[in-house]
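Student: Mind having a look at this structure? Questions to follow.
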Amino acid sequence: MMATDILKFIALFLPLNAFVFSIYFLDKQASRHHGTRISERTLLTLAFVGGSLGAVCAQRLLRHKTRKEPFRSNLRAIVVFHVVAALLLSGALGYFTLEGQLLD
């Protein structure tokens, strides 16, 4: 994997995580002002599709849903899943890259 590929990957996930952070912010504002809330299912789905970093940052910085169970546990499970998936993918990419170099 080249450095440009990594930058492209980051360029995809930064806006997604900023979007998820803003959705959590809107839900926090709605909570404070008794407005229409965003469902926990939607918040967790956004975290699962790649916005877990934005979700965790929003949870910590905005102090949003920090005591709400099972939301906290579900978000934690999503983060663990993303970390394990990233490690497995990076290991697989490294293996195939090395394998290709060994065959050349």
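Residues in the structure tokens are named by chain (A, B, ... in the order shown) and by number from 1 within that chain; ligands are numbered from 1 in the order shown.
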Near segment 25-38 of chain A, within 9 Å and counting only C-alpha atoms, which residues show up once chain neighbours fewer than 4 positions away are dropped, as a list in words?
Tutor: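 That gives Val20, Phe21, Thr42, Leu43, Ala58, Leu62, Arg63, His64 and Lys65 of chain A.
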Student: Could you give me, as a ChimeraX atom specification, the residues within 12 Å of Ala47 of chain A, counting only C-alpha atoms and dropping anything in the same chain fewer than 5 positions from it?
Tutor: /A:13,16-21,23-24,40-42,52-59,71-72,74-82
Student: Could you dump the residues just selected with N, CA and C atoms as a PDB file, in the first residue's frame?
Tutor:
```
ATOM      1  N   PHE A  13     -12.392   8.946   5.150  1.00  0.00           N
ATOM      2  CA  PHE A  13     -12.921   8.761   6.491  1.00  0.00           C
ATOM      3  C   PHE A  13     -12.977  10.036   7.325  1.00  0.00           C
ATOM      4  N   LEU A  16     -16.435  11.635   6.748  1.00  0.00           N
ATOM      5  CA  LEU A  16     -17.455  10.765   7.336  1.00  0.00           C
ATOM      6  C   LEU A  16     -17.480  10.926   8.852  1.00  0.00           C
ATOM      7  N   ASN A  17     -16.318  10.930   9.479  1.00  0.00           N
ATOM      8  CA  ASN A  17     -16.254  11.069  10.925  1.00  0.00           C
ATOM      9  C   ASN A  17     -16.658  12.469  11.378  1.00  0.00           C
ATOM     10  N   ALA A  18     -16.344  13.482  10.589  1.00  0.00           N
ATOM     11  CA  ALA A  18     -16.807  14.839  10.906  1.00  0.00           C
ATOM     12  C   ALA A  18     -18.331  14.908  10.815  1.00  0.00           C
ATOM     13  N   PHE A  19     -18.896  14.225   9.823  1.00  0.00           N
ATOM     14  CA  PHE A  19     -20.351  14.173   9.669  1.00  0.00           C
ATOM     15  C   PHE A  19     -20.995  13.483  10.876  1.00  0.00           C
ATOM     16  N   VAL A  20     -20.434  12.344  11.276  1.00  0.00           N
ATOM     17  CA  VAL A  20     -20.978  11.610  12.426  1.00  0.00           C
ATOM     18  C   VAL A  20     -20.871  12.456  13.692  1.00  0.00           C
ATOM     19  N   PHE A  21     -19.737  13.130  13.874  1.00  0.00           N
ATOM     20  CA  PHE A  21     -19.577  14.019  15.026  1.00  0.00           C
ATOM     21  C   PHE A  21     -20.676  15.075  15.018  1.00  0.00           C
ATOM     22  N   ILE A  23     -23.645  14.919  13.671  1.00  0.00           N
ATOM     23  CA  ILE A  23     -24.944  14.298  13.973  1.00  0.00           C
ATOM     24  C   ILE A  23     -25.086  14.093  15.478  1.00  0.00           C
ATOM     25  N   TYR A  24     -24.023  13.630  16.116  1.00  0.00           N
ATOM     26  CA  TYR A  24     -24.048  13.485  17.573  1.00  0.00           C
ATOM     27  C   TYR A  24     -24.234  14.854  18.242  1.00  0.00           C
ATOM     28  N   GLU A  40     -31.042   6.045  18.713  1.00  0.00           N
ATOM     29  CA  GLU A  40     -29.777   5.394  19.053  1.00  0.00           C
ATOM     30  C   GLU A  40     -29.347   4.439  17.945  1.00  0.00           C
ATOM     31  N   ARG A  41     -30.312   3.811  17.337  1.00  0.00           N
ATOM     32  CA  ARG A  41     -30.010   2.885  16.233  1.00  0.00           C
ATOM     33  C   ARG A  41     -29.294   3.619  15.099  1.00  0.00           C
ATOM     34  N   THR A  42     -29.768   4.811  14.747  1.00  0.00           N
ATOM     35  CA  THR A  42     -29.144   5.607  13.700  1.00  0.00           C
ATOM     36  C   THR A  42     -27.734   6.026  14.107  1.00  0.00           C
ATOM     37  N   SER A  52     -16.880   5.557  13.684  1.00  0.00           N
ATOM     38  CA  SER A  52     -16.695   5.275  15.110  1.00  0.00           C
ATOM     39  C   SER A  52     -15.765   6.283  15.784  1.00  0.00           C
ATOM     40  N   LEU A  53     -14.773   6.759  15.078  1.00  0.00           N
ATOM     41  CA  LEU A  53     -13.872   7.753  15.663  1.00  0.00           C
ATOM     42  C   LEU A  53     -14.629   9.049  15.963  1.00  0.00           C
ATOM     43  N   GLY A  54     -15.443   9.505  15.028  1.00  0.00           N
ATOM     44  CA  GLY A  54     -16.255  10.697  15.246  1.00  0.00           C
ATOM     45  C   GLY A  54     -17.269  10.495  16.363  1.00  0.00           C
ATOM     46  N   ALA A  55     -17.825   9.290  16.445  1.00  0.00           N
ATOM     47  CA  ALA A  55     -18.807   8.986  17.487  1.00  0.00           C
ATOM     48  C   ALA A  55     -18.162   9.008  18.869  1.00  0.00           C
ATOM     49  N   VAL A  56     -16.995   8.391  18.988  1.00  0.00           N
ATOM     50  CA  VAL A  56     -16.311   8.354  20.285  1.00  0.00           C
ATOM     51  C   VAL A  56     -15.848   9.755  20.682  1.00  0.00           C
ATOM     52  N   CYS A  57     -15.329  10.506  19.721  1.00  0.00           N
ATOM     53  CA  CYS A  57     -14.915  11.885  20.018  1.00  0.00           C
ATOM     54  C   CYS A  57     -16.098  12.722  20.488  1.00  0.00           C
ATOM     55  N   ALA A  58     -17.228  12.579  19.819  1.00  0.00           N
ATOM     56  CA  ALA A  58     -18.425  13.325  20.216  1.00  0.00           C
ATOM     57  C   ALA A  58     -18.893  12.888  21.589  1.00  0.00           C
ATOM     58  N   GLN A  59     -18.851  11.590  21.837  1.00  0.00           N
ATOM     59  CA  GLN A  59     -19.293  11.092  23.137  1.00  0.00           C
ATOM     60  C   GLN A  59     -18.423  11.669  24.254  1.00  0.00           C
ATOM     61  N   PHE A  71     -26.085   1.478  25.024  1.00  0.00           N
ATOM     62  CA  PHE A  71     -25.463   2.282  23.969  1.00  0.00           C
ATOM     63  C   PHE A  71     -23.946   2.305  24.107  1.00  0.00           C
ATOM     64  N   ARG A  72     -23.454   2.567  25.308  1.00  0.00           N
ATOM     65  CA  ARG A  72     -21.997   2.628  25.539  1.00  0.00           C
ATOM     66  C   ARG A  72     -21.315   1.323  25.152  1.00  0.00           C
ATOM     67  N   ASN A  74     -22.419  -1.027  23.150  1.00  0.00           N
ATOM     68  CA  ASN A  74     -22.520  -1.254  21.706  1.00  0.00           C
ATOM     69  C   ASN A  74     -21.506  -0.415  20.938  1.00  0.00           C
ATOM     70  N   LEU A  75     -21.334   0.835  21.342  1.00  0.00           N
ATOM     71  CA  LEU A  75     -20.350   1.689  20.683  1.00  0.00           C
ATOM     72  C   LEU A  75     -18.942   1.151  20.913  1.00  0.00           C
ATOM     73  N   ARG A  76     -18.675   0.696  22.132  1.00  0.00           N
ATOM     74  CA  ARG A  76     -17.373   0.101  22.432  1.00  0.00           C
ATOM     75  C   ARG A  76     -17.117  -1.133  21.569  1.00  0.00           C
ATOM     76  N   ALA A  77     -18.134  -1.956  21.389  1.00  0.00           N
ATOM     77  CA  ALA A  77     -18.004  -3.159  20.558  1.00  0.00           C
ATOM     78  C   ALA A  77     -17.717  -2.788  19.100  1.00  0.00           C
ATOM     79  N   ILE A  78     -18.344  -1.735  18.619  1.00  0.00           N
ATOM     80  CA  ILE A  78     -18.100  -1.272  17.248  1.00  0.00           C
ATOM     81  C   ILE A  78     -16.658  -0.803  17.099  1.00  0.00           C
ATOM     82  N   VAL A  79     -16.157  -0.068  18.084  1.00  0.00           N
ATOM     83  CA  VAL A  79     -14.773   0.413  18.040  1.00  0.00           C
ATOM     84  C   VAL A  79     -13.810  -0.768  18.048  1.00  0.00           C
ATOM     85  N   VAL A  80     -14.058  -1.747  18.901  1.00  0.00           N
ATOM     86  CA  VAL A  80     -13.197  -2.940  18.945  1.00  0.00           C
ATOM     87  C   VAL A  80     -13.238  -3.659  17.601  1.00  0.00           C
ATOM     88  N   PHE A  81     -14.422  -3.802  17.033  1.00  0.00           N
ATOM     89  CA  PHE A  81     -14.554  -4.434  15.717  1.00  0.00           C
ATOM     90  C   PHE A  81     -13.739  -3.687  14.671  1.00  0.00           C
ATOM     91  N   HIS A  82     -13.808  -2.357  14.667  1.00  0.00           N
ATOM     92  CA  HIS A  82     -13.061  -1.565  13.689  1.00  0.00           C
ATOM     93  C   HIS A  82     -11.556  -1.704  13.880  1.00  0.00           C
TER      94      HIS A  82
END
```
Student: Tell me, in Å to one decimal, how far atom CA of Phe9 of chain A is from atom CA of Thr66 of chain A.
Tutor: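 A separation of 29.1 Å between them.
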Student: Report as number ranges by chain: the residues of segment 17-103 of chain A with a DSSP assignment of alpha helix (DSSP H), based on the backbone of this structure.
Tutor: A: 17-32, 40-46, 52-62, 71-103
Student: Between atom CA of Leu14 of chain A and atom CA of Lys68 of chain A, what is the spacing in Å?
Tutor: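 Here the two named atoms are 26.3 Å from each other.
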